[in-house]
>>> print(open('query-v5.csv').read())   # CSV, C-alpha atoms
chain,number,residue,atom,x,y,z
A,310,MET,CA,9.8,-180.1,-123.3
A,311,LEU,CA,6.9,-181.9,-124.9
A,312,ALA,CA,4.2,-179.7,-126.5
A,313,LEU,CA,1.2,-180.2,-124.3
A,314,ASP,CA,-2.3,-180.2,-125.7
A,315,TYR,CA,-4.1,-177.7,-123.6
A,316,VAL,CA,-7.9,-177.4,-124.1
A,317,ASN,CA,-9.1,-173.8,-123.4
A,318,GLY,CA,-5.7,-173.3,-121.8
A,319,LEU,CA,-6.0,-176.2,-119.4
A,320,ILE,CA,-4.8,-179.8,-119.0
A,321,PRO,CA,-6.1,-182.3,-116.6
A,322,VAL,CA,-3.7,-183.5,-113.9
A,323,VAL,CA,-3.9,-186.8,-112.0
A,324,VAL,CA,-2.2,-186.7,-108.7
A,325,GLN,CA,-0.8,-189.9,-107.2
A,326,GLU,CA,0.9,-190.4,-103.9
A,327,GLU,CA,4.3,-192.0,-104.4
A,328,LYS,CA,4.4,-194.2,-101.3
A,329,THR,CA,0.8,-195.5,-101.2
A,330,CYS,CA,0.2,-195.3,-104.9
A,331,GLU,CA,-3.2,-193.9,-104.1
A,332,VAL,CA,-4.8,-191.6,-106.7
A,333,LEU,CA,-5.4,-188.6,-104.6
A,334,MET,CA,-7.2,-186.1,-106.9
A,335,VAL,CA,-7.7,-184.8,-110.4
A,336,ALA,CA,-7.3,-181.0,-111.0
A,337,TYR,CA,-6.5,-178.8,-114.0
A,338,ALA,CA,-3.3,-176.8,-114.7
A,339,ASP,CA,-2.5,-174.1,-117.2
A,340,ALA,CA,0.9,-173.6,-118.7
A,341,GLU,CA,1.9,-171.3,-115.9
A,342,ALA,CA,0.8,-173.8,-113.2
A,343,VAL,CA,2.9,-176.5,-114.8
A,344,GLN,CA,5.9,-174.2,-115.0
A,345,LEU,CA,5.4,-173.2,-111.3
A,346,THR,CA,5.2,-176.9,-110.4
A,347,ARG,CA,8.5,-177.6,-112.2
A,348,ASP,CA,10.2,-174.6,-110.8
A,349,THR,CA,9.2,-174.9,-107.2
A,350,GLY,CA,8.8,-178.7,-106.9
A,351,TYR,CA,5.3,-178.2,-105.4
A,352,ALA,CA,1.9,-179.0,-107.0
A,353,HIS,CA,0.2,-176.0,-108.6
A,354,PHE,CA,-3.0,-175.9,-110.5
A,355,PHE,CA,-5.5,-173.5,-112.1
A,356,SER,CA,-8.8,-173.2,-110.3
A,357,ARG,CA,-11.6,-173.1,-112.9
A,358,SER,CA,-14.1,-171.7,-110.3
A,359,ARG,CA,-11.8,-169.0,-108.9
A,360,LYS,CA,-10.1,-168.5,-112.2
A,361,LYS,CA,-6.6,-168.3,-110.8
A,362,ILE,CA,-3.5,-170.3,-110.1
A,363,TRP,CA,-3.4,-172.1,-106.7
A,364,LYS,CA,-0.7,-173.9,-104.9
A,365,LYS,CA,-2.1,-177.1,-103.4
A,366,GLY,CA,-2.1,-176.7,-99.6
A,367,GLU,CA,-1.7,-172.9,-99.6
A,368,GLU,CA,-4.5,-172.7,-97.0
A,369,SER,CA,-4.6,-176.1,-95.5
A,370,GLY,CA,-0.9,-176.8,-95.3
A,371,HIS,CA,-1.5,-180.0,-97.2
A,372,ILE,CA,1.2,-179.3,-99.8
A,373,GLN,CA,2.3,-181.8,-102.4
A,374,ARG,CA,6.0,-182.2,-103.2
A,375,VAL,CA,6.1,-183.3,-106.8
A,376,LEU,CA,8.7,-186.0,-107.5
A,377,ARG,CA,7.8,-186.6,-111.1
A,378,ILE,CA,5.6,-185.1,-113.8
A,379,LEU,CA,4.6,-187.6,-116.4
A,380,VAL,CA,2.8,-187.0,-119.7
A,381,ASP,CA,0.4,-189.4,-121.4
A,382,CYS,CA,0.7,-190.7,-125.0
A,383,ASP,CA,-1.7,-188.0,-126.4
A,384,GLU,CA,0.1,-185.2,-124.5
A,385,ASP,CA,-3.3,-184.1,-123.2
A,386,CYS,CA,-3.0,-185.3,-119.6
A,387,LEU,CA,-0.4,-185.1,-116.8
A,388,LEU,CA,0.4,-187.2,-113.8
A,389,TYR,CA,2.0,-185.6,-110.8
A,390,VAL,CA,3.7,-188.3,-108.6
A,391,VAL,CA,3.8,-186.6,-105.2
A,392,GLN,CA,4.7,-186.9,-101.5
A,393,SER,CA,1.6,-185.4,-99.9
A,394,LYS,CA,1.9,-183.6,-96.6
A,395,GLY,CA,-1.5,-184.5,-95.2
A,396,PRO,CA,-4.7,-185.6,-97.0
A,397,ALA,CA,-5.5,-184.3,-100.4
A,398,CYS,CA,-9.3,-183.8,-100.2
A,399,HIS,CA,-10.8,-180.6,-98.9
A,400,THR,CA,-13.6,-182.7,-97.4
A,401,GLY,CA,-11.2,-184.3,-95.0
A,402,TYR,CA,-10.5,-187.6,-96.8
A,403,ARG,CA,-7.1,-188.7,-97.8
A,404,THR,CA,-8.1,-189.0,-101.4
A,405,CYS,CA,-10.9,-187.3,-103.3
A,406,PHE,CA,-12.0,-190.7,-104.5
A,407,TYR,CA,-13.6,-191.8,-101.3
A,408,ARG,CA,-17.0,-192.9,-102.6
A,409,THR,CA,-18.5,-195.5,-104.9
A,410,LEU,CA,-20.9,-194.6,-107.7
A,411,ASP,CA,-23.7,-195.4,-105.3
A,412,GLY,CA,-22.4,-192.9,-102.8
A,413,LYS,CA,-21.1,-195.4,-100.3
A,414,ILE,CA,-18.1,-194.0,-98.4
A,415,ILE,CA,-15.1,-196.3,-98.5
A,416,GLY,CA,-12.5,-193.9,-97.2
A,417,ASP,CA,-11.7,-192.6,-93.7
A,418,ARG,CA,-12.1,-189.0,-92.8
A,419,VAL,CA,-8.7,-187.9,-91.4
A,420,PHE,CA,-9.4,-184.3,-90.6
A,421,ASP,CA,-12.2,-181.9,-89.9
A,422,PRO,CA,-12.4,-179.3,-92.7
A,423,ALA,CA,-14.0,-176.7,-90.5
A,424,LYS,CA,-10.9,-176.7,-88.4
A,425,VAL,CA,-8.5,-176.5,-91.3
A,426,TYR,CA,-10.1,-174.1,-93.8
A,427,ALA,CA,-11.3,-170.5,-93.2
A,428,ASN,CA,-13.5,-171.2,-96.2
A,429,LYS,CA,-14.1,-174.5,-97.9
A,430,ASP,CA,-13.2,-173.2,-101.4
A,431,GLN,CA,-9.8,-174.9,-101.6
B,1201,MET,CA,-26.4,-193.4,-107.7
B,1202,LEU,CA,-24.6,-190.1,-107.3
B,1203,ALA,CA,-25.5,-187.4,-109.8
B,1204,LEU,CA,-22.3,-187.0,-111.9
B,1205,ASP,CA,-21.2,-183.7,-113.3
B,1206,TYR,CA,-20.8,-184.3,-117.0
B,1207,VAL,CA,-19.3,-181.4,-119.0
B,1208,ASN,CA,-20.6,-181.5,-122.6
B,1209,GLY,CA,-21.9,-184.9,-121.8
B,1210,LEU,CA,-18.5,-186.3,-120.7
B,1211,ILE,CA,-16.6,-187.0,-117.5
B,1212,PRO,CA,-12.9,-187.8,-117.2
B,1213,VAL,CA,-12.0,-191.3,-116.0
B,1214,VAL,CA,-8.7,-192.2,-114.4
B,1215,VAL,CA,-7.9,-195.9,-114.9
B,1216,GLN,CA,-5.7,-197.6,-112.3
B,1217,GLU,CA,-4.4,-201.1,-112.3
B,1218,GLU,CA,-5.5,-202.8,-109.0
B,1219,LYS,CA,-2.4,-205.0,-108.5
B,1220,THR,CA,0.4,-202.7,-109.5
B,1221,CYS,CA,-1.5,-199.5,-108.6
B,1222,GLU,CA,-0.2,-198.0,-111.8
B,1223,VAL,CA,-2.2,-195.1,-113.3
B,1224,LEU,CA,-2.7,-196.6,-116.8
B,1225,MET,CA,-4.6,-194.0,-118.7
B,1226,VAL,CA,-7.2,-191.2,-118.6
B,1227,ALA,CA,-10.1,-191.2,-121.0
B,1228,TYR,CA,-13.6,-189.8,-121.1
B,1229,ALA,CA,-17.0,-191.5,-120.6
B,1230,ASP,CA,-20.6,-190.4,-121.2
B,1231,ALA,CA,-23.5,-191.6,-119.1
B,1232,GLU,CA,-24.0,-194.6,-121.4
B,1233,ALA,CA,-20.4,-195.6,-121.2
B,1234,VAL,CA,-20.5,-195.5,-117.4
B,1235,GLN,CA,-23.7,-197.5,-117.4
B,1236,LEU,CA,-22.2,-200.1,-119.8
B,1237,THR,CA,-19.1,-200.3,-117.6
B,1238,ARG,CA,-21.4,-201.0,-114.6
B,1239,ASP,CA,-23.5,-203.5,-116.4
B,1240,THR,CA,-20.8,-205.5,-118.1
B,1241,GLY,CA,-18.0,-205.1,-115.6
B,1242,TYR,CA,-15.6,-204.0,-118.4
B,1243,ALA,CA,-14.2,-200.5,-119.1
B,1244,HIS,CA,-16.1,-198.5,-121.6
B,1245,PHE,CA,-15.4,-194.9,-122.7
B,1246,PHE,CA,-16.6,-192.4,-125.2
B,1247,SER,CA,-14.1,-191.5,-127.9
B,1248,ARG,CA,-14.0,-187.7,-128.5
B,1249,SER,CA,-12.3,-188.1,-131.9
B,1250,ARG,CA,-14.5,-191.0,-133.2
B,1251,LYS,CA,-17.6,-189.7,-131.4
B,1252,LYS,CA,-18.7,-193.1,-130.2
B,1253,ILE,CA,-18.7,-195.4,-127.3
B,1254,TRP,CA,-15.8,-197.9,-127.2
B,1255,LYS,CA,-15.0,-200.8,-125.1
B,1256,LYS,CA,-11.3,-200.7,-124.1
B,1257,GLY,CA,-9.5,-203.6,-125.8
B,1258,GLU,CA,-12.3,-204.3,-128.4
B,1259,GLU,CA,-9.6,-204.3,-131.0
B,1260,SER,CA,-6.4,-205.1,-129.1
B,1261,GLY,CA,-7.9,-207.6,-126.7
B,1262,HIS,CA,-6.4,-205.6,-123.9
B,1263,ILE,CA,-9.7,-205.4,-122.0
B,1264,GLN,CA,-10.0,-204.0,-118.5
B,1265,ARG,CA,-12.1,-205.8,-115.9
B,1266,VAL,CA,-13.5,-203.0,-113.6
B,1267,LEU,CA,-13.4,-203.9,-109.9
B,1268,ARG,CA,-14.5,-200.6,-108.5
B,1269,ILE,CA,-15.8,-197.3,-109.9
B,1270,LEU,CA,-15.1,-194.5,-107.5
B,1271,VAL,CA,-16.3,-190.9,-107.7
B,1272,ASP,CA,-14.4,-187.8,-106.6
B,1273,CYS,CA,-15.6,-185.2,-104.1
B,1274,ASP,CA,-16.9,-182.8,-106.8
B,1275,GLU,CA,-18.5,-185.6,-108.7
B,1276,ASP,CA,-16.8,-184.5,-111.9
B,1277,CYS,CA,-14.2,-187.3,-112.2
B,1278,LEU,CA,-14.3,-191.1,-112.0
B,1279,LEU,CA,-11.7,-193.7,-111.1
B,1280,TYR,CA,-11.9,-197.2,-112.6
B,1281,VAL,CA,-9.9,-199.7,-110.6
B,1282,VAL,CA,-9.2,-202.5,-113.0
B,1283,GLN,CA,-7.5,-205.7,-113.8
B,1284,SER,CA,-6.0,-205.1,-117.2
B,1285,LYS,CA,-5.5,-207.9,-119.6
B,1286,GLY,CA,-2.4,-206.6,-121.3
B,1287,PRO,CA,-0.9,-203.1,-121.5
B,1288,ALA,CA,-3.2,-200.1,-121.6
B,1289,CYS,CA,-1.5,-197.8,-124.1
B,1290,HIS,CA,-2.0,-198.1,-127.8
B,1291,THR,CA,1.7,-197.2,-128.3
B,1292,GLY,CA,2.7,-200.5,-126.7
B,1293,TYR,CA,3.5,-199.3,-123.2
B,1294,ARG,CA,1.9,-200.7,-120.1
B,1295,THR,CA,0.7,-197.2,-119.1
B,1296,CYS,CA,0.0,-194.1,-121.2
B,1297,PHE,CA,2.2,-192.2,-118.8
B,1298,TYR,CA,5.5,-193.5,-120.0
B,1299,ARG,CA,7.3,-190.2,-120.5
B,1300,THR,CA,8.5,-187.2,-118.5
B,1301,LEU,CA,7.7,-183.6,-119.4
B,1302,ASP,CA,11.0,-183.5,-121.2
B,1303,GLY,CA,10.0,-186.5,-123.4
B,1304,LYS,CA,12.3,-189.0,-121.7
B,1305,ILE,CA,10.9,-192.4,-121.9
B,1306,ILE,CA,10.7,-194.2,-118.6
B,1307,GLY,CA,8.5,-197.1,-119.4
B,1308,ASP,CA,9.1,-200.3,-121.3
B,1309,ARG,CA,7.4,-201.0,-124.5
B,1310,VAL,CA,5.8,-204.4,-124.1
B,1311,PHE,CA,4.2,-204.9,-127.5
B,1312,ASP,CA,4.4,-203.8,-131.1
B,1313,PRO,CA,1.3,-201.8,-132.0
B,1314,ALA,CA,1.7,-202.7,-135.7
B,1315,LYS,CA,1.1,-206.3,-134.8
B,1316,VAL,CA,-1.9,-205.6,-132.6
B,1317,TYR,CA,-3.9,-203.0,-134.3
B,1318,ALA,CA,-5.3,-202.9,-137.8
B,1319,ASN,CA,-5.3,-199.2,-137.4
B,1320,LYS,CA,-3.7,-197.2,-134.6
B,1321,ASP,CA,-6.8,-195.3,-133.8
B,1322,GLN,CA,-7.6,-197.0,-130.6
>>> encode(input="query-v5.csv", output="structure tokens")
Amino acid sequence: MLALDYVNGLIPVVVQEEKTCEVLMVAYADAEAVQLTRDTGYAHFFSRSRKKIWKKGEESGHIQRVLRILVDCDEDCLLYVVQSKGPACHTGYRTCFYRTLDGKIIGDRVFDPAKVYANKDQ
Amino acid sequence: MLALDYVNGLIPVVVQEEKTCEVLMVAYADAEAVQLTRDTGYAHFFSRSRKKIWKKGEESGHIQRVLRILVDCDEDCLLYVVQSKGPACHTGYRTCFYRTLDGKIIGDRVFDPAKVYANKDQ
């Protein structure tokens, strides 16, 4: 296994949907989250705000089956290529990148977060 | 313009090729690099090692025309959707994500870095 360059124990992870090729989100993983992702085949990350490992979709059900984990040239960033069960963004959009720099919304909201999350912290 | 959440003055930027949808690279930008990208239409970043702004391709010629700049839900990550003139990775691969976690190379090397760069620092 390549030696990954964790900064303060974390490495950024880009998540891309395999079928649509959409970039869904960017989150951070620690070594344990990367290992859990390998071992289980489902995307795990480390929440910087909650300071703990989380499995994507553990509350919403919008889990991500990880088909490939790729490493960049500098070994300081990962790419999870996934099949996402449902949208990726906790705001209800399919991808977290649903706005332009000017704040214009270019994505479609596909679910109502209030109906999916008990709290909106995921 | 959305208020971006820079950490130590920097925000991570995912770069995606518009036509192939490939995730090409992840780099960091400061506010000036984002502004330069907007103003010029070409991808600019901030080099953490060289501590200065750089225009992607300034040495290699592998510039990236930025079609869209998207912002994620937390406003702490950007996505540049680009038309890349040539491969993105300084190692000669089309994308920086050319290896699996085990170090297996899955990409094709499309140029010889020694012939493109005077130094391999870009």
>>> closest_atom_pairs(input="query-v5.csv", of="chain B", to="chain A", cutoff="10 Å", atoms="all atoms listed in the file", output="Markdown table")
| residue | atom | partner | partner_atom | distance |
| --- | --- | --- | --- | --- |
| B:Met1201 | CA | A:Asp411 | CA | 4.1 |
| B:Leu1202 | CA | A:Asp411 | CA | 5.7 |
| B:Ala1203 | CA | A:Leu410 | CA | 8.8 |
| B:Leu1204 | CA | A:Leu410 | CA | 8.8 |
| B:Pro1212 | CA | A:Pro321 | CA | 8.8 |
| B:Val1213 | CA | A:Val335 | CA | 9.6 |
| B:Val1214 | CA | A:Val323 | CA | 7.6 |
| B:Val1215 | CA | A:Val332 | CA | 9.8 |
| B:Gln1216 | CA | A:Val332 | CA | 8.3 |
| B:Thr1220 | CA | A:Cys330 | CA | 8.7 |
| B:Cys1221 | CA | A:Cys330 | CA | 5.8 |
| B:Glu1222 | CA | A:Cys330 | CA | 7.4 |
| B:Val1223 | CA | A:Val332 | CA | 7.9 |
| B:Leu1224 | CA | A:Asp381 | CA | 9.1 |
| B:Met1225 | CA | A:Asp381 | CA | 7.3 |
| B:Val1226 | CA | A:Cys386 | CA | 7.3 |
| B:Ala1227 | CA | A:Cys386 | CA | 9.3 |
| B:Val1234 | CA | A:Leu410 | CA | 9.7 |
| B:Arg1238 | CA | A:Leu410 | CA | 9.4 |
| B:Arg1268 | CA | A:Thr409 | CA | 7.4 |
| B:Ile1269 | CA | A:Thr409 | CA | 6.0 |
| B:Leu1270 | CA | A:Thr409 | CA | 4.4 |
| B:Val1271 | CA | A:Phe406 | CA | 5.4 |
| B:Asp1272 | CA | A:Phe406 | CA | 4.3 |
| B:Cys1273 | CA | A:Cys405 | CA | 5.2 |
| B:Asp1274 | CA | A:Cys405 | CA | 8.3 |
| B:Glu1275 | CA | A:Phe406 | CA | 9.3 |
| B:Asp1276 | CA | A:Val335 | CA | 9.2 |
| B:Cys1277 | CA | A:Val335 | CA | 7.2 |
| B:Leu1278 | CA | A:Phe406 | CA | 7.9 |
| B:Leu1279 | CA | A:Phe406 | CA | 7.3 |
| B:Cys1289 | CA | A:Cys382 | CA | 7.5 |
| B:His1290 | CA | A:Cys382 | CA | 8.4 |
| B:Thr1291 | CA | A:Cys382 | CA | 7.4 |
| B:Tyr1293 | CA | A:Cys382 | CA | 9.2 |
| B:Thr1295 | CA | A:Asp381 | CA | 8.1 |
| B:Cys1296 | CA | A:Asp381 | CA | 4.7 |
| B:Phe1297 | CA | A:Asp381 | CA | 4.2 |
| B:Tyr1298 | CA | A:Asp381 | CA | 6.7 |
| B:Arg1299 | CA | A:Leu379 | CA | 5.6 |
| B:Thr1300 | CA | A:Leu379 | CA | 4.4 |
| B:Leu1301 | CA | A:Met310 | CA | 5.6 |
| B:Asp1302 | CA | A:Met310 | CA | 4.2 |
| B:Gly1303 | CA | A:Leu311 | CA | 5.7 |
| B:Lys1304 | CA | A:Met310 | CA | 9.4 |
| B:Ile1305 | CA | A:Leu379 | CA | 9.6 |
| B:Ile1306 | CA | A:Leu379 | CA | 9.3 |
>>> closest_residue(input="query-v5.csv", among="A:Gln373, A:Val390, A:Glu368, A:Gly350", to="Tyr426 of chain A", atoms="only C-alpha atoms")
A:Glu368
>>> atom_distance(input="query-v5.csv", atom1="atom CA of His1244 of chain B", atom2="atom CA of Ala1229 of chain B")
7.1 Å
>>> closest_residue(input="query-v5.csv", among="B:Ala1318, B:Leu1267, B:Ser1249, B:Ser1260", to="Gly1292 of chain B", atoms="all atoms listed in the file")
B:Ser1260
>>> residues_around(input="query-v5.csv", residues="Phe354 of chain A", least_positions_apart="4", cutoff="10 Å", atoms="only C-alpha atoms", output="list in words")
Leu319, Ile320, Pro321, Val322, Ala336, Tyr337, Ala338, Asp339, Ala340, Glu341, Ala342, Val343, Leu345, Thr346, Lys361, Ile362, Trp363, Lys364 and Lys365 of chain A
>>> atom_distance(input="query-v5.csv", atom1="atom CA of Gly395 of chain A", atom2="atom CA of Gly370 of chain A")
7.7 Å
>>> atom_distance(input="query-v5.csv", atom1="atom CA of Arg1309 of chain B", atom2="atom CA of Ala1288 of chain B")
11.0 Å
>>> build_atoms(input="query-v5.csv", residues="segment 337-348 of chain A", atoms="all heavy atoms", output="mmCIF file, keeping the file's coordinate frame")
data_model
loop_
_atom_site.group_PDB
_atom_site.id
_atom_site.type_symbol
_atom_site.label_atom_id
_atom_site.label_comp_id
_atom_site.auth_asym_id
_atom_site.auth_seq_id
_atom_site.Cartn_x
_atom_site.Cartn_y
_atom_site.Cartn_z
ATOM 1 N N TYR A 337 -6.894 -179.288 -112.641
ATOM 2 C CA TYR A 337 -6.500 -178.800 -114.000
ATOM 3 C C TYR A 337 -5.324 -177.785 -113.781
ATOM 4 O O TYR A 337 -5.232 -177.111 -112.756
ATOM 5 C CB TYR A 337 -7.673 -178.102 -114.653
ATOM 6 C CG TYR A 337 -8.700 -179.137 -115.062
ATOM 7 C CD1 TYR A 337 -9.617 -179.634 -114.144
ATOM 8 C CD2 TYR A 337 -8.703 -179.667 -116.342
ATOM 9 C CE1 TYR A 337 -10.524 -180.631 -114.492
ATOM 10 C CE2 TYR A 337 -9.608 -180.659 -116.708
ATOM 11 C CZ TYR A 337 -10.515 -181.135 -115.768
ATOM 12 O OH TYR A 337 -11.402 -182.130 -116.118
ATOM 13 N N ALA A 338 -4.467 -177.764 -114.773
ATOM 14 C CA ALA A 338 -3.300 -176.800 -114.700
ATOM 15 C C ALA A 338 -3.303 -176.059 -116.065
ATOM 16 O O ALA A 338 -3.653 -176.603 -117.117
ATOM 17 C CB ALA A 338 -2.034 -177.550 -114.519
ATOM 18 N N ASP A 339 -2.894 -174.808 -115.988
ATOM 19 C CA ASP A 339 -2.500 -174.100 -117.200
ATOM 20 C C ASP A 339 -1.022 -174.138 -117.357
ATOM 21 O O ASP A 339 -0.329 -174.710 -116.501
ATOM 22 C CB ASP A 339 -3.102 -172.652 -117.203
ATOM 23 C CG ASP A 339 -2.521 -171.813 -116.081
ATOM 24 O OD1 ASP A 339 -1.722 -172.340 -115.265
ATOM 25 O OD2 ASP A 339 -2.860 -170.617 -116.003
ATOM 26 N N ALA A 340 -0.508 -173.552 -118.413
ATOM 27 C CA ALA A 340 0.900 -173.600 -118.700
ATOM 28 C C ALA A 340 1.739 -173.036 -117.521
ATOM 29 O O ALA A 340 2.793 -173.550 -117.124
ATOM 30 C CB ALA A 340 1.275 -172.970 -119.995
ATOM 31 N N GLU A 341 1.203 -171.964 -116.960
ATOM 32 C CA GLU A 341 1.900 -171.300 -115.900
ATOM 33 C C GLU A 341 1.972 -172.185 -114.620
ATOM 34 O O GLU A 341 3.002 -172.256 -113.934
ATOM 35 C CB GLU A 341 1.232 -169.956 -115.548
ATOM 36 C CG GLU A 341 2.024 -169.096 -114.576
ATOM 37 C CD GLU A 341 1.283 -167.821 -114.174
ATOM 38 O OE1 GLU A 341 0.297 -167.443 -114.851
ATOM 39 O OE2 GLU A 341 1.674 -167.225 -113.149
ATOM 40 N N ALA A 342 0.863 -172.870 -114.345
ATOM 41 C CA ALA A 342 0.800 -173.800 -113.200
ATOM 42 C C ALA A 342 1.798 -174.926 -113.349
ATOM 43 O O ALA A 342 2.471 -175.346 -112.401
ATOM 44 C CB ALA A 342 -0.596 -174.273 -112.949
ATOM 45 N N VAL A 343 1.892 -175.433 -114.580
ATOM 46 C CA VAL A 343 2.900 -176.500 -114.800
ATOM 47 C C VAL A 343 4.278 -176.003 -114.629
ATOM 48 O O VAL A 343 5.107 -176.652 -113.986
ATOM 49 C CB VAL A 343 2.693 -177.059 -116.288
ATOM 50 C CG1 VAL A 343 3.792 -178.068 -116.614
ATOM 51 C CG2 VAL A 343 1.312 -177.706 -116.469
ATOM 52 N N GLN A 344 4.539 -174.807 -115.132
ATOM 53 C CA GLN A 344 5.900 -174.200 -115.000
ATOM 54 C C GLN A 344 6.201 -173.993 -113.504
ATOM 55 O O GLN A 344 7.314 -174.296 -113.045
ATOM 56 C CB GLN A 344 5.968 -172.927 -115.779
ATOM 57 C CG GLN A 344 7.384 -172.422 -115.971
ATOM 58 C CD GLN A 344 8.283 -173.403 -116.728
ATOM 59 O OE1 GLN A 344 7.899 -173.904 -117.779
ATOM 60 N NE2 GLN A 344 9.463 -173.708 -116.189
ATOM 61 N N LEU A 345 5.232 -173.473 -112.774
ATOM 62 C CA LEU A 345 5.400 -173.200 -111.300
ATOM 63 C C LEU A 345 5.705 -174.530 -110.596
ATOM 64 O O LEU A 345 6.533 -174.590 -109.685
ATOM 65 C CB LEU A 345 4.195 -172.542 -110.729
ATOM 66 C CG LEU A 345 4.144 -171.022 -110.862
ATOM 67 C CD1 LEU A 345 2.747 -170.521 -110.507
ATOM 68 C CD2 LEU A 345 5.188 -170.373 -109.944
ATOM 69 N N THR A 346 5.010 -175.581 -111.015
ATOM 70 C CA THR A 346 5.200 -176.900 -110.400
ATOM 71 C C THR A 346 6.629 -177.381 -110.654
ATOM 72 O O THR A 346 7.311 -177.862 -109.745
ATOM 73 C CB THR A 346 4.172 -177.899 -110.949
ATOM 74 O OG1 THR A 346 2.871 -177.398 -110.665
ATOM 75 C CG2 THR A 346 4.351 -179.277 -110.328
ATOM 76 N N ARG A 347 7.076 -177.215 -111.902
ATOM 77 C CA ARG A 347 8.500 -177.600 -112.200
ATOM 78 C C ARG A 347 9.470 -176.771 -111.436
ATOM 79 O O ARG A 347 10.430 -177.290 -110.891
ATOM 80 C CB ARG A 347 8.748 -177.276 -113.715
ATOM 81 C CG ARG A 347 8.152 -178.213 -114.697
ATOM 82 C CD ARG A 347 8.844 -178.046 -116.040
ATOM 83 N NE ARG A 347 9.764 -179.146 -116.257
ATOM 84 C CZ ARG A 347 10.489 -179.323 -117.348
ATOM 85 N NH1 ARG A 347 10.447 -178.428 -118.312
ATOM 86 N NH2 ARG A 347 11.288 -180.349 -117.474
ATOM 87 N N ASP A 348 9.239 -175.474 -111.418
ATOM 88 C CA ASP A 348 10.200 -174.600 -110.800
ATOM 89 C C ASP A 348 10.325 -174.699 -109.326
ATOM 90 O O ASP A 348 11.413 -174.605 -108.760
ATOM 91 C CB ASP A 348 9.888 -173.107 -111.193
ATOM 92 C CG ASP A 348 10.079 -172.819 -112.679
ATOM 93 O OD1 ASP A 348 10.691 -173.649 -113.373
ATOM 94 O OD2 ASP A 348 9.596 -171.771 -113.137
#
